[in-house]
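Colleague: Dropping in entry-v4.cif, which is mmCIF, C-alpha atoms:
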data_final
#
loop_
_atom_site.label_atom_id
_atom_site.label_comp_id
_atom_site.auth_asym_id
_atom_site.auth_seq_id
_atom_site.Cartn_x
_atom_site.Cartn_y
_atom_site.Cartn_z
CA MET A 16 143.31 67.67 91.08
CA SER A 17 143.26 69.73 87.85
CA ARG A 18 146.40 71.44 86.64
CA ARG A 19 146.73 75.09 87.57
CA LYS A 20 146.45 77.31 84.48
CA SER A 21 149.39 79.54 83.51
CA VAL A 22 148.48 83.09 82.53
CA ALA A 23 150.78 85.85 81.29
CA LEU A 24 149.91 89.47 82.11
CA LEU A 25 151.54 91.86 79.65
CA ILE A 26 150.46 94.94 81.54
CA GLU A 27 152.74 97.70 82.77
CA THR A 28 152.82 98.70 86.43
CA SER A 29 153.92 102.29 85.84
CA ASN A 30 150.51 104.01 85.98
CA SER A 31 147.43 103.85 88.18
CA TYR A 32 145.04 102.62 85.48
CA ALA A 33 147.21 99.60 84.68
CA ARG A 34 147.70 98.83 88.37
CA GLY A 35 143.93 98.92 88.76
CA LEU A 36 143.64 96.34 85.97
CA LEU A 37 146.09 94.09 87.79
CA GLU A 38 144.18 94.50 91.05
CA GLY A 39 140.95 93.49 89.31
CA ILE A 40 142.60 90.41 87.80
CA THR A 41 143.95 89.52 91.22
CA ALA A 42 140.46 89.84 92.72
CA TYR A 43 139.04 87.44 90.14
CA VAL A 44 141.78 84.87 90.72
CA THR A 45 141.32 85.18 94.49
CA HIS A 46 137.62 84.35 94.26
CA HIS A 47 137.96 81.63 91.61
CA GLU A 48 140.51 78.98 90.72
CA SER A 49 144.14 80.01 91.19
CA TRP A 50 146.37 80.74 88.21
CA SER A 51 150.12 80.71 87.89
CA ILE A 52 150.77 84.33 86.94
CA TYR A 53 153.64 85.54 84.77
CA LEU A 54 154.05 89.32 85.12
CA PRO A 55 157.20 90.70 83.47
CA GLU A 56 158.47 94.09 84.53
CA GLN A 57 157.85 96.33 81.53
CA GLU A 58 156.85 99.79 80.44
CA ARG A 59 153.80 100.70 78.38
CA GLY A 60 154.35 99.60 74.77
CA ALA A 61 157.60 97.80 75.65
CA HIS A 62 158.96 94.93 73.58
CA PRO A 63 157.33 91.58 74.34
CA PRO A 64 159.42 89.43 76.71
CA LYS A 65 161.74 86.95 74.98
CA TRP A 66 160.35 84.00 76.96
CA LEU A 67 156.96 84.50 75.33
CA GLU A 68 158.25 82.93 72.09
CA ASN A 69 158.52 79.47 73.62
CA TRP A 70 156.13 79.85 76.53
CA LYS A 71 153.75 76.91 77.07
CA GLY A 72 151.04 78.72 78.99
CA ASP A 73 147.26 78.73 78.80
CA GLY A 74 146.24 82.34 78.21
CA ILE A 75 147.23 86.00 78.08
CA ILE A 76 145.77 89.31 79.20
CA ALA A 77 147.64 92.15 77.53
CA ARG A 78 147.74 95.82 76.68
CA VAL A 79 148.30 95.31 72.94
CA GLU A 80 149.68 98.70 71.88
CA THR A 81 152.32 97.92 69.23
CA ASP A 82 152.58 95.77 66.12
CA GLU A 83 155.43 93.89 67.76
CA ILE A 84 153.37 92.89 70.78
CA ALA A 85 150.42 92.00 68.55
CA THR A 86 152.58 89.73 66.38
CA ALA A 87 154.19 88.02 69.37
CA ILE A 88 150.80 87.37 70.96
CA ARG A 89 149.26 86.15 67.72
CA ASN A 90 152.13 83.68 67.29
CA THR A 91 151.39 82.01 70.64
CA ARG A 92 147.96 80.88 69.34
CA LEU A 93 146.67 81.12 72.92
CA PRO A 94 143.42 82.61 74.21
CA VAL A 95 143.96 86.37 74.64
CA VAL A 96 141.96 89.26 76.09
CA ASP A 97 143.04 92.78 75.17
CA VAL A 98 142.75 95.60 77.73
CA SER A 99 143.86 98.37 75.39
CA ALA A 100 141.89 100.67 73.09
CA ALA A 101 144.57 100.53 70.38
CA ARG A 102 142.90 97.54 68.65
CA TYR A 103 145.95 95.98 67.02
CA LEU A 104 144.13 92.63 67.24
CA PRO A 105 140.51 93.49 66.34
CA ASP A 106 139.35 89.87 66.28
CA ILE A 107 139.95 89.14 69.99
CA PRO A 108 137.80 90.13 73.01
CA TRP A 109 138.69 93.47 74.58
CA VAL A 110 137.77 95.40 77.68
CA GLU A 111 138.09 99.18 77.83
CA THR A 112 136.73 102.33 79.43
CA ASN A 113 133.39 103.73 78.31
CA ASP A 114 134.70 106.94 76.77
CA LEU A 115 131.23 108.29 76.02
CA ALA A 116 130.37 108.01 79.73
CA ILE A 117 133.69 109.66 80.63
CA ALA A 118 133.03 112.55 78.22
CA GLN A 119 129.48 112.92 79.57
CA MET A 120 130.78 113.05 83.14
CA ALA A 121 133.37 115.67 82.18
CA ALA A 122 130.86 117.80 80.29
CA ASP A 123 128.35 117.67 83.14
CA HIS A 124 131.01 118.60 85.68
CA LEU A 125 132.23 121.65 83.79
CA LEU A 126 128.81 122.80 82.59
CA GLU A 127 127.46 122.59 86.13
CA ARG A 128 130.07 125.16 87.05
CA GLY A 129 128.63 127.59 84.53
CA PHE A 130 131.41 127.62 81.92
CA GLN A 131 130.43 129.11 78.57
CA ASN A 132 133.84 128.23 77.07
CA LEU A 133 134.96 124.60 77.10
CA ALA A 134 138.10 122.98 75.71
CA PHE A 135 139.64 119.56 75.21
CA CYS A 136 143.35 118.85 75.42
CA GLY A 137 144.19 115.45 73.95
CA ASP A 138 146.82 113.15 72.54
CA PRO A 139 145.86 111.87 69.06
CA GLY A 140 148.22 108.93 69.44
CA PHE A 141 145.64 107.13 71.60
CA ASN A 142 142.20 105.95 70.48
CA TRP A 143 140.69 106.58 73.90
CA SER A 144 141.81 110.24 73.70
CA ASN A 145 140.28 110.63 70.24
CA TRP A 146 137.02 109.03 71.37
CA ARG A 147 136.82 111.23 74.44
CA GLN A 148 137.41 114.29 72.29
CA LYS A 149 134.76 113.24 69.75
CA TYR A 150 132.09 112.68 72.37
CA PHE A 151 133.02 115.75 74.43
CA ALA A 152 132.87 117.97 71.34
CA GLN A 153 129.40 116.64 70.48
CA LEU A 154 128.14 117.27 74.01
CA ILE A 155 129.48 120.83 74.12
CA GLU A 156 128.03 121.58 70.69
CA GLU A 157 124.64 120.30 71.87
CA SER A 158 124.87 122.52 74.96
CA GLY A 159 125.32 125.64 72.81
CA ARG A 160 128.64 126.56 74.47
CA GLN A 161 131.89 127.51 72.71
CA TYR A 162 134.36 124.68 72.11
CA PHE A 163 138.14 124.93 71.68
CA PRO A 164 140.06 121.71 70.87
CA TYR A 165 143.81 121.19 71.17
CA ASP A 166 145.77 118.20 69.90
CA SER A 167 149.43 117.74 70.62
CA ILE A 168 151.94 115.76 68.65
CA PRO A 169 151.42 112.16 69.82
CA ARG A 170 153.77 111.17 72.63
CA ASN A 171 154.76 108.07 70.66
CA HIS A 172 155.66 110.11 67.53
CA SER A 173 159.33 110.32 66.51
CA ASP A 174 159.12 114.15 66.38
CA TYR A 175 157.70 114.47 69.89
CA SER A 176 159.58 116.80 72.23
CA TRP A 177 158.31 117.59 75.71
CA ARG A 178 159.80 121.10 75.59
CA ALA A 179 158.34 121.90 72.15
CA GLU A 180 154.97 120.47 73.13
CA GLN A 181 154.85 122.56 76.29
CA HIS A 182 155.70 125.65 74.26
CA GLU A 183 152.78 124.96 71.91
CA LEU A 184 150.48 124.30 74.83
CA VAL A 185 151.36 127.66 76.38
CA LYS A 186 150.63 129.41 73.06
CA TRP A 187 147.24 127.69 72.82
CA ILE A 188 146.22 128.53 76.38
CA LYS A 189 147.11 132.19 75.76
CA SER A 190 144.80 132.18 72.73
CA VAL A 191 141.61 130.78 74.32
CA PRO A 192 139.02 132.99 76.04
CA ARG A 193 138.74 133.01 79.82
CA PRO A 194 137.22 131.80 82.04
CA ILE A 195 137.35 128.37 80.43
CA GLY A 196 136.99 124.77 81.56
CA ILE A 197 139.56 122.40 80.07
CA PHE A 198 138.98 118.64 79.92
CA ALA A 199 142.32 116.86 79.49
CA CYS A 200 142.37 113.34 78.07
CA TYR A 201 144.20 111.99 81.14
CA ASP A 202 146.00 113.17 84.26
CA ILE A 203 149.45 113.50 82.66
CA LYS A 204 148.07 115.89 80.05
CA ALA A 205 146.12 117.75 82.73
CA ARG A 206 149.35 118.22 84.69
CA ALA A 207 150.92 119.72 81.56
CA VAL A 208 148.02 122.17 81.32
CA LEU A 209 148.52 123.19 84.95
CA ASP A 210 152.25 123.71 84.28
CA ALA A 211 151.41 125.96 81.33
CA CYS A 212 148.95 127.96 83.46
CA ARG A 213 151.62 128.44 86.10
CA GLU A 214 154.09 129.63 83.45
CA LEU A 215 151.52 132.19 82.26
CA ASP A 216 150.64 133.17 85.84
CA LEU A 217 146.97 132.30 85.25
CA ALA A 218 144.70 131.62 88.21
CA VAL A 219 143.43 128.03 88.49
CA PRO A 220 140.51 127.45 88.81
CA GLU A 221 139.27 131.06 88.65
CA GLU A 222 140.50 131.72 85.09
CA ILE A 223 141.08 128.15 83.90
CA ALA A 224 139.55 125.04 85.45
CA VAL A 225 141.30 121.75 84.64
CA LEU A 226 139.87 118.22 84.77
CA GLY A 227 141.84 115.02 84.13
CA VAL A 228 141.06 111.31 83.86
CA ASP A 229 142.32 108.28 85.85
CA ASP A 230 142.43 109.88 89.31
CA ASP A 231 146.07 108.92 89.79
CA GLN A 232 146.44 109.82 93.46
CA LEU A 233 150.13 110.75 93.26
CA LEU A 234 149.75 112.93 90.17
CA CYS A 235 146.58 114.60 91.42
CA GLN A 236 147.74 115.28 94.97
CA LEU A 237 151.17 116.56 93.91
CA ALA A 238 149.71 118.89 91.27
CA VAL A 239 149.53 122.62 92.05
CA PRO A 240 146.68 123.20 92.58
CA ARG A 241 145.44 119.68 93.32
CA LEU A 242 143.88 118.14 90.24
CA SER A 243 140.24 117.11 89.85
CA SER A 244 139.99 113.86 87.94
CA ILE A 245 137.52 111.26 86.68
CA ARG A 246 137.97 107.97 88.47
CA CYS A 247 137.83 105.08 86.00
CA ASN A 248 136.83 101.61 87.16
CA SER A 249 139.99 99.81 86.01
CA HIS A 250 139.53 97.30 88.84
CA ARG A 251 136.26 96.22 87.25
CA ALA A 252 137.88 96.14 83.79
CA GLY A 253 140.61 93.80 85.05
CA PHE A 254 138.08 91.56 86.77
CA VAL A 255 135.96 91.28 83.60
CA ALA A 256 139.05 90.61 81.45
CA ALA A 257 140.04 87.73 83.75
CA GLN A 258 136.50 86.40 83.65
CA LEU A 259 136.50 86.42 79.83
CA LEU A 260 139.90 84.73 79.64
CA ASP A 261 138.78 82.02 82.06
CA ARG A 262 135.82 81.24 79.80
CA MET A 263 138.10 81.10 76.76
CA MET A 264 140.61 78.80 78.46
CA ASN A 265 137.70 76.50 79.31
CA GLY A 266 136.92 76.18 75.60
CA GLU A 267 134.09 78.70 75.31
CA GLN A 268 133.84 80.90 72.22
CA VAL A 269 133.80 84.54 73.34
CA PRO A 270 132.88 87.21 70.75
CA ALA A 271 135.30 90.04 69.98
CA ASP A 272 132.71 92.65 70.95
CA PRO A 273 133.95 95.45 73.22
CA VAL A 274 133.11 95.37 76.92
CA LEU A 275 132.99 99.02 77.99
CA VAL A 276 133.28 99.81 81.69
CA ASP A 277 131.67 102.98 83.06
CA PRO A 278 133.69 105.42 85.19
CA LEU A 279 132.92 105.62 88.89
CA GLU A 280 132.86 109.32 89.80
CA ILE A 281 134.79 112.59 89.77
CA SER A 282 137.23 113.31 92.57
CA THR A 283 136.72 117.05 92.81
CA ARG A 284 139.76 118.97 93.99
CA GLN A 285 140.90 122.57 93.75
CA SER A 286 141.50 122.66 89.98
CA THR A 287 137.74 122.73 89.24
CA ASP A 288 136.39 123.97 92.56
CA THR A 289 134.90 127.13 91.10
CA LEU A 290 131.87 128.62 89.41
CA ALA A 291 132.13 130.49 86.11
CA ILE A 292 129.11 132.72 86.72
CA ASN A 293 129.24 136.34 85.63
CA ASP A 294 126.05 137.21 87.53
CA PRO A 295 127.26 138.07 91.07
CA ASP A 296 123.84 137.48 92.67
CA ILE A 297 123.51 134.00 91.20
CA ALA A 298 127.16 133.22 92.01
CA GLN A 299 126.45 134.20 95.63
CA ALA A 300 123.29 132.08 95.69
CA VAL A 301 125.05 129.02 94.33
CA ARG A 302 127.93 129.44 96.73
CA PHE A 303 125.48 129.71 99.64
CA ILE A 304 123.69 126.53 98.52
CA ARG A 305 126.89 124.52 98.18
CA GLU A 306 128.13 125.66 101.58
CA ASN A 307 124.82 125.16 103.42
CA ALA A 308 122.83 122.50 101.52
CA PHE A 309 123.37 120.00 104.34
CA GLU A 310 121.88 122.32 106.96
CA GLY A 311 118.32 121.72 105.75
CA ILE A 312 118.04 125.02 103.85
CA ASN A 313 115.31 125.83 101.34
CA VAL A 314 114.79 128.48 98.67
CA SER A 315 113.55 130.99 101.27
CA ASP A 316 116.92 130.78 103.00
CA VAL A 317 118.65 131.49 99.68
CA LEU A 318 116.47 134.58 99.18
CA HIS A 319 117.71 135.94 102.52
CA GLU A 320 121.24 135.90 101.06
CA VAL A 321 120.55 137.72 97.79
CA ALA A 322 118.60 140.91 97.10
CA LEU A 323 116.29 139.32 94.55
CA SER A 324 112.63 138.43 94.39
CA ARG A 325 111.80 134.75 94.14
CA ARG A 326 110.62 135.17 90.54
CA VAL A 327 113.83 136.90 89.45
CA LEU A 328 116.00 134.40 91.32
CA GLU A 329 114.21 131.46 89.68
CA HIS A 330 114.41 133.02 86.21
CA ARG A 331 118.10 133.95 86.35
CA PHE A 332 119.05 130.67 88.02
CA GLN A 333 117.29 128.69 85.28
CA LYS A 334 118.84 130.83 82.53
CA ILE A 335 122.41 130.44 83.81
CA LEU A 336 122.46 126.92 85.28
CA GLY A 337 119.53 125.28 83.55
CA ARG A 338 117.83 124.30 86.82
CA SER A 339 115.98 125.92 89.72
CA PRO A 340 117.46 126.83 93.12
CA HIS A 341 115.49 123.94 94.68
CA GLN A 342 116.91 121.53 92.11
CA GLU A 343 120.41 122.76 92.91
CA ILE A 344 119.87 122.13 96.62
CA VAL A 345 118.67 118.60 95.88
CA ARG A 346 121.53 117.97 93.41
CA VAL A 347 124.18 119.00 95.95
CA LYS A 348 122.60 116.79 98.59
CA MET A 349 122.34 113.77 96.30
CA ALA A 350 125.97 114.09 95.22
CA ARG A 351 127.07 114.09 98.86
CA ILE A 352 124.85 111.11 99.72
CA LYS A 353 126.28 109.10 96.80
CA CYS A 354 129.80 109.88 97.95
CA LEU A 355 129.09 108.82 101.54
CA LEU A 356 127.34 105.62 100.40
CA VAL A 357 130.32 104.57 98.28
CA GLU A 358 133.26 105.80 100.33
CA THR A 359 132.10 105.14 103.92
CA ASP A 360 130.35 102.52 106.03
CA LEU A 361 128.08 105.12 107.66
CA THR A 362 124.53 103.99 108.38
CA LEU A 363 121.65 105.62 106.52
CA SER A 364 120.69 107.32 109.76
CA ASP A 365 124.16 108.89 110.06
CA ILE A 366 124.13 109.95 106.41
CA ALA A 367 120.67 111.49 106.81
CA HIS A 368 121.91 113.49 109.79
CA ARG A 369 125.00 114.71 107.91
CA CYS A 370 123.03 115.70 104.80
CA GLY A 371 120.22 117.66 106.38
CA PHE A 372 117.40 115.10 106.38
CA GLN A 373 115.08 114.62 109.33
CA ASN A 374 115.50 110.85 109.29
CA GLU A 375 116.65 107.96 107.11
CA GLU A 376 113.12 107.29 105.83
CA TYR A 377 112.90 110.80 104.37
CA LEU A 378 116.38 110.40 102.87
CA SER A 379 115.44 107.06 101.29
CA VAL A 380 112.26 108.47 99.71
CA SER A 381 114.09 111.51 98.34
CA PHE A 382 117.02 109.46 97.06
CA LYS A 383 114.82 106.95 95.24
CA LYS A 384 112.83 109.78 93.68
CA GLU A 385 115.96 111.45 92.30
CA VAL A 386 118.19 108.45 91.51
CA GLY A 387 115.60 105.79 90.74
CA ILE A 388 116.78 103.19 93.25
CA PRO A 389 116.94 103.05 97.09
CA PRO A 390 120.23 104.13 98.73
CA GLY A 391 120.94 100.62 100.01
CA ARG A 392 120.77 99.18 96.53
CA TYR A 393 122.92 102.02 95.18
CA ARG A 394 125.58 101.18 97.77
CA ARG A 395 125.44 97.45 96.93
CA ASP A 396 125.59 98.07 93.19
CA LYS A 397 128.61 100.34 93.48
CA ALA A 398 130.36 97.87 95.81
CA ALA A 399 129.82 95.11 93.25
CA LEU A 400 131.66 97.19 90.63
CA GLU A 401 134.74 97.62 92.79
#
What do you get writing this file as structure tokens?

Modeller:
Amino acid sequence: MSRRKSVALLIETSNSYARGLLEGITAYVTHHESWSIYLPEQERGAHPPKWLENWKGDGIIARVETDEIATAIRNTRLPVVDVSAARYLPDIPWVETNDLAIAQMAADHLLERGFQNLAFCGDPGFNWSNWRQKYFAQLIEESGRQYFPYDSIPRNHSDYSWRAEQHELVKWIKSVPRPIGIFACYDIKARAVLDACRELDLAVPEEIAVLGVDDDQLLCQLAVPRLSSIRCNSHRAGFVAAQLLDRMMNGEQVPADPVLVDPLEISTRQSTDTLAINDPDIAQAVRFIRENAFEGINVSDVLHEVALSRRVLEHRFQKILGRSPHQEIVRVKMARIKCLLVETDLTLSDIAHRCGFQNEEYLSVSFKKEVGIPPGRYRRDKAALE
């Protein structure tokens, strides 16, 4: 019987993303050979544990976010996989979120709601925040909308003060035009934006829509109003990190290239559940579609709700949203189907019934046409990423 490998996990348990990493690592170990796991209780960026100096283990998965942790890990001379974007050890393999995909998801979400003014609220102390801001700014510029960035003093800076930072955030929010959609680099920053809106007595989401990242259930559900957030696939990131470390501990040379993991979806809650459309007829049409898309409606039904000709409706819809009323009906349906495929065990027949299709065959044909793959494969692919 071979000796069980000893692996240290220098990953905090204080936030949902890190816990997702740990769950992914656990899933890998469960389905492969068992490891003896060393998991010290520590905060993000905490000092490395003293026992690491003389530890005789086989490998490490770590969030390397300080010079001290980097030095301690380097001194062990063990195989290491980094699950941080900080890149204190650029010559080792690392697994991180795909920040371009996150920015694209955020931009699509807010642009779909008709916002002409978009903003980013970040923390320049983190690479992932800077990357999300860079990509988001590019996407908004390409869309022709107005962009308003805000960068706080980094939370890890010696001059950082929560009270002073909140004061500056309030000043910035007062200065930006409204309505505006704000993409915050992560849920904690999004909560700070919501606090500032409440202090200014601004309506969320009618005046300011707020979107976070990480989909931390406690933070999002306790926020007022409840916070919409991008759900990262940290479970997958942890699984891949464990897979890479296993290969390294078995003597394989693994390149230091980044492995970027795509986000899963947006959990839409009250903080972005709005439409920034100044045209009341189109706003009414979109609202009717989103409330009735699963009842088998078509464009003729929409025309019964608004006093517009079909030509005018099509023209104004395309001008404001960049798509036709029919495309909006299909888009709303497809989004609901994707959600039901991933989050439930409903049969295709049940999903077809709930989403306004005559039968599962019609649903399958429509889904493949829009998404590119059959619904069954979409469900299997998403399950494999979990």

Colleague: Find the residues around stretch 310-317 of chain A up to 7 Å (only C-alpha atoms counted), leave out those fewer than 3 positions away in its own chain, and share them as a PyMOL selection string.

Modeller: chain A and resi 300+307+320-321+340-341+371-372

Colleague: On this file, the PyMOL selection byres ((chain A and resi 94-100) around 6) gives some set of residues; write that set as an MDAnalysis selection string.

Modeller: chainID A and resid 74:79 93 101:102 108:111 142

Colleague: Deliver the residues from the most recent selection as a file, using C-alpha atoms, as a short mmCIF file (atom, residue, chain, number, x, y, z; two decimals), keeping the file's coordinate frame.

Modeller:
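Final file, again_7.cif:
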data_model
loop_
_atom_site.label_atom_id
_atom_site.label_comp_id
_atom_site.auth_asym_id
_atom_site.auth_seq_id
_atom_site.Cartn_x
_atom_site.Cartn_y
_atom_site.Cartn_z
CA GLY A 74 146.24 82.34 78.21
CA ILE A 75 147.23 86.00 78.08
CA ILE A 76 145.77 89.31 79.20
CA ALA A 77 147.64 92.15 77.53
CA ARG A 78 147.74 95.82 76.68
CA VAL A 79 148.30 95.31 72.94
CA LEU A 93 146.67 81.12 72.92
CA ALA A 101 144.57 100.53 70.38
CA ARG A 102 142.90 97.54 68.65
CA PRO A 108 137.80 90.13 73.01
CA TRP A 109 138.69 93.47 74.58
CA VAL A 110 137.77 95.40 77.68
CA GLU A 111 138.09 99.18 77.83
CA ASN A 142 142.20 105.95 70.48
#

Colleague: Can you give me, as number ranges by chain, the residues this file yields under the PyMOL selection byres ((chain A and resi 356) around 9)?

Modeller: A: 351-355, 357-363, 366, 390-391, 393-394, 397

Colleague: Show me, as CSV, the residues of stretch 76-123 of chain A having an atom within 12 Å of stretch 189-203 of chain A, each with the closest atom pair and its distance in Å, using only C-alpha atoms.

Modeller:
residue,atom,partner,partner_atom,distance
A:Asp114,CA,A:Cys200,CA,10.1
A:Ile117,CA,A:Cys200,CA,9.8
A:Ala118,CA,A:Phe198,CA,8.7
A:Gln119,CA,A:Phe198,CA,11.1
A:Met120,CA,A:Phe198,CA,10.4
A:Ala121,CA,A:Phe198,CA,6.7
A:Ala122,CA,A:Phe198,CA,8.2
A:Asp123,CA,A:Phe198,CA,11.1

Colleague: Could you please take those selected residues and save C-alpha atoms as a PDB file, in the coordinates of the input?

Modeller:
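File produced: selection.pdb:
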ATOM      1  CA  ASP A 114     134.700 106.940  76.770  1.00  0.00           C
ATOM      2  CA  ILE A 117     133.690 109.660  80.630  1.00  0.00           C
ATOM      3  CA  ALA A 118     133.030 112.550  78.220  1.00  0.00           C
ATOM      4  CA  GLN A 119     129.480 112.920  79.570  1.00  0.00           C
ATOM      5  CA  MET A 120     130.780 113.050  83.140  1.00  0.00           C
ATOM      6  CA  ALA A 121     133.370 115.670  82.180  1.00  0.00           C
ATOM      7  CA  ALA A 122     130.860 117.800  80.290  1.00  0.00           C
ATOM      8  CA  ASP A 123     128.350 117.670  83.140  1.00  0.00           C
TER       9      ASP A 123
END

Colleague: Once the PyMOL selection byres ((chain A and resi 218) around 12) is applied to the coordinates I shared, what remains selected? I want it as an mmCIF file with C-alpha atoms, in the coordinates of the input.

Modeller:
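Written out: selection34.cif:
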data_model
loop_
_atom_site.group_PDB
_atom_site.id
_atom_site.type_symbol
_atom_site.label_atom_id
_atom_site.label_comp_id
_atom_site.auth_asym_id
_atom_site.auth_seq_id
_atom_site.Cartn_x
_atom_site.Cartn_y
_atom_site.Cartn_z
ATOM 1 C CA ARG A 193 138.740 133.010 79.820
ATOM 2 C CA PRO A 194 137.220 131.800 82.040
ATOM 3 C CA ILE A 195 137.350 128.370 80.430
ATOM 4 C CA LEU A 209 148.520 123.190 84.950
ATOM 5 C CA ASP A 210 152.250 123.710 84.280
ATOM 6 C CA ALA A 211 151.410 125.960 81.330
ATOM 7 C CA CYS A 212 148.950 127.960 83.460
ATOM 8 C CA ARG A 213 151.620 128.440 86.100
ATOM 9 C CA GLU A 214 154.090 129.630 83.450
ATOM 10 C CA LEU A 215 151.520 132.190 82.260
ATOM 11 C CA ASP A 216 150.640 133.170 85.840
ATOM 12 C CA LEU A 217 146.970 132.300 85.250
ATOM 13 C CA VAL A 219 143.430 128.030 88.490
ATOM 14 C CA PRO A 220 140.510 127.450 88.810
ATOM 15 C CA GLU A 221 139.270 131.060 88.650
ATOM 16 C CA GLU A 222 140.500 131.720 85.090
ATOM 17 C CA ILE A 223 141.080 128.150 83.900
ATOM 18 C CA ALA A 224 139.550 125.040 85.450
ATOM 19 C CA VAL A 225 141.300 121.750 84.640
ATOM 20 C CA VAL A 239 149.530 122.620 92.050
ATOM 21 C CA PRO A 240 146.680 123.200 92.580
ATOM 22 C CA GLN A 285 140.900 122.570 93.750
ATOM 23 C CA SER A 286 141.500 122.660 89.980
ATOM 24 C CA THR A 287 137.740 122.730 89.240
ATOM 25 C CA THR A 289 134.900 127.130 91.100
#

Colleague: For the point (139.0, 78.6, 78.6) in file coordinates, what residues are within 12 Å, counting only C-alpha atoms? Give the answer as a PyMOL selection string?

Modeller: chain A and resi 20-22+73-75+93-96+257-269

Colleague: Just write the chosen residues, C-alpha atoms, as a PDB file, in the frame of the given file.

Modeller:
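So the final result, stored in out.pdb, reads:
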ATOM      1  CA  LYS A  20     146.450  77.310  84.480  1.00  0.00           C
ATOM      2  CA  SER A  21     149.390  79.540  83.510  1.00  0.00           C
ATOM      3  CA  VAL A  22     148.480  83.090  82.530  1.00  0.00           C
ATOM      4  CA  ASP A  73     147.260  78.730  78.800  1.00  0.00           C
ATOM      5  CA  GLY A  74     146.240  82.340  78.210  1.00  0.00           C
ATOM      6  CA  ILE A  75     147.230  86.000  78.080  1.00  0.00           C
ATOM      7  CA  LEU A  93     146.670  81.120  72.920  1.00  0.00           C
ATOM      8  CA  PRO A  94     143.420  82.610  74.210  1.00  0.00           C
ATOM      9  CA  VAL A  95     143.960  86.370  74.640  1.00  0.00           C
ATOM     10  CA  VAL A  96     141.960  89.260  76.090  1.00  0.00           C
ATOM     11  CA  ALA A 257     140.040  87.730  83.750  1.00  0.00           C
ATOM     12  CA  GLN A 258     136.500  86.400  83.650  1.00  0.00           C
ATOM     13  CA  LEU A 259     136.500  86.420  79.830  1.00  0.00           C
ATOM     14  CA  LEU A 260     139.900  84.730  79.640  1.00  0.00           C
ATOM     15  CA  ASP A 261     138.780  82.020  82.060  1.00  0.00           C
ATOM     16  CA  ARG A 262     135.820  81.240  79.800  1.00  0.00           C
ATOM     17  CA  MET A 263     138.100  81.100  76.760  1.00  0.00           C
ATOM     18  CA  MET A 264     140.610  78.800  78.460  1.00  0.00           C
ATOM     19  CA  ASN A 265     137.700  76.500  79.310  1.00  0.00           C
ATOM     20  CA  GLY A 266     136.920  76.180  75.600  1.00  0.00           C
ATOM     21  CA  GLU A 267     134.090  78.700  75.310  1.00  0.00           C
ATOM     22  CA  GLN A 268     133.840  80.900  72.220  1.00  0.00           C
ATOM     23  CA  VAL A 269     133.800  84.540  73.340  1.00  0.00           C
TER      24      VAL A 269
END

Colleague: Within 12 Å of A:Arg338, counting all atoms listed in the file, which residues qualify if same-chain residues fewer than 3 places away don't, as a CSV table (one decimal) with C-alpha atoms, keeping the file's coordinate frame?

Modeller:
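Listing of result09.csv after writing:
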chain,number,residue,atom,x,y,z
A,126,LEU,CA,128.8,122.8,82.6
A,127,GLU,CA,127.5,122.6,86.1
A,129,GLY,CA,128.6,127.6,84.5
A,301,VAL,CA,125.0,129.0,94.3
A,328,LEU,CA,116.0,134.4,91.3
A,329,GLU,CA,114.2,131.5,89.7
A,330,HIS,CA,114.4,133.0,86.2
A,331,ARG,CA,118.1,134.0,86.4
A,332,PHE,CA,119.0,130.7,88.0
A,333,GLN,CA,117.3,128.7,85.3
A,334,LYS,CA,118.8,130.8,82.5
A,335,ILE,CA,122.4,130.4,83.8
A,341,HIS,CA,115.5,123.9,94.7
A,342,GLN,CA,116.9,121.5,92.1
A,343,GLU,CA,120.4,122.8,92.9
A,344,ILE,CA,119.9,122.1,96.6
A,345,VAL,CA,118.7,118.6,95.9
A,346,ARG,CA,121.5,118.0,93.4

Colleague: Measuring between only C-alpha atoms, which one of A:Arg18, A:Leu125, A:His46, A:Arg92 shows the shortest distance to A:Ile292?

Modeller: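 Comparing A:Arg18, A:Leu125, A:His46, A:Arg92 against A:Ile292, the winner is A:Leu125.
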
Colleague: When you look at A:Gln232 with a cut-off of 12 Å (counting all atoms listed in the file), what residues show up, excluding the ones that are within fewer than 3 positions of it in the same chain? I need them as a PyMOL selection string.

Modeller: chain A and resi 30-32+202-203+227-229+235-238+241-246+282+284

Colleague: Mind pulling up the distance from atom CA of A:Phe130 to atom CA of A:Glu156?

Modeller: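 Value for the atom CA of A:Glu156-atom CA of A:Phe130 distance: 13.2 Å.
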
Colleague: Report as an NGL selection string all protein, DNA and RNA residues lying within 10 Å of A:Leu37, evaluated on only C-alpha atoms, omitting residues in the same chain fewer than 3 positions from it.

Modeller: :A and (24 or 26-28 or 31-34 or 40-43 or 54 or 76 or 249-250 or 252-254 or 257)

Colleague: From the options A:Glu280, A:Asp166, A:Glu38, A:Glu80, which residue's atoms come nearest to A:Asp230, counting all atoms listed in the file?

Modeller: A:Glu280
